[in-house]
Amino acid sequence: MKDKWEELVSCAVQCSRCEKKLTPSDERILSVYDHQPICMPCKKEEEKRADYEEVSKGAIGQCLADTELQYSDPGGYCYHHFYPYKC
């Protein structure tokens, strides 16, 4: 059974931020703010936010703690907040 995060990122058919349609060949990534799949142009905008560095550091720390407790084998959950994924 897939974890919800994996389904979100691999099955996303549109960006949760700008609602752009995503094809299987489009890269998508999880937002460090709300953990929803976003397109790469929205990720670039996210990275320009003044609080991005602080939030991303907090997100990776919390992600590692959460996956330790919830998933035992994170299999890429934290990875997909920082590296694009295609279907």
# chains A, B, ... in the order shown; residues from 1 in each chain; ligands from 1
call {"tool": "select_by_dssp", "arguments": {"residues": "range 11-47 of chain A", "states": "helix (DSSP H, G or I)", "output": "number ranges by chain"}}
result
A: 11, 40-47
call {"tool": "residues_around", "arguments": {"residues": "Ser31 in chain A", "least_positions_apart": "2", "cutoff": "10 Å", "atoms": "only C-alpha atoms", "output": "VMD selection string"}}
result
chain A and resid 16 to 17 28 to 29 33 to 39 42 to 43 46 to 47 56 59 80 to 82
call {"tool": "atom_distance", "arguments": {"atom1": "CA of Gln62 in chain A", "atom2": "CA of Val13 in chain A"}}
result
26.7 Å
call {"tool": "closest_residue", "arguments": {"among": "A:Leu64, A:Cys18, A:Met40, A:Val32", "to": "Tyr85 in chain A", "atoms": "only C-alpha atoms"}}
result
A:Met40
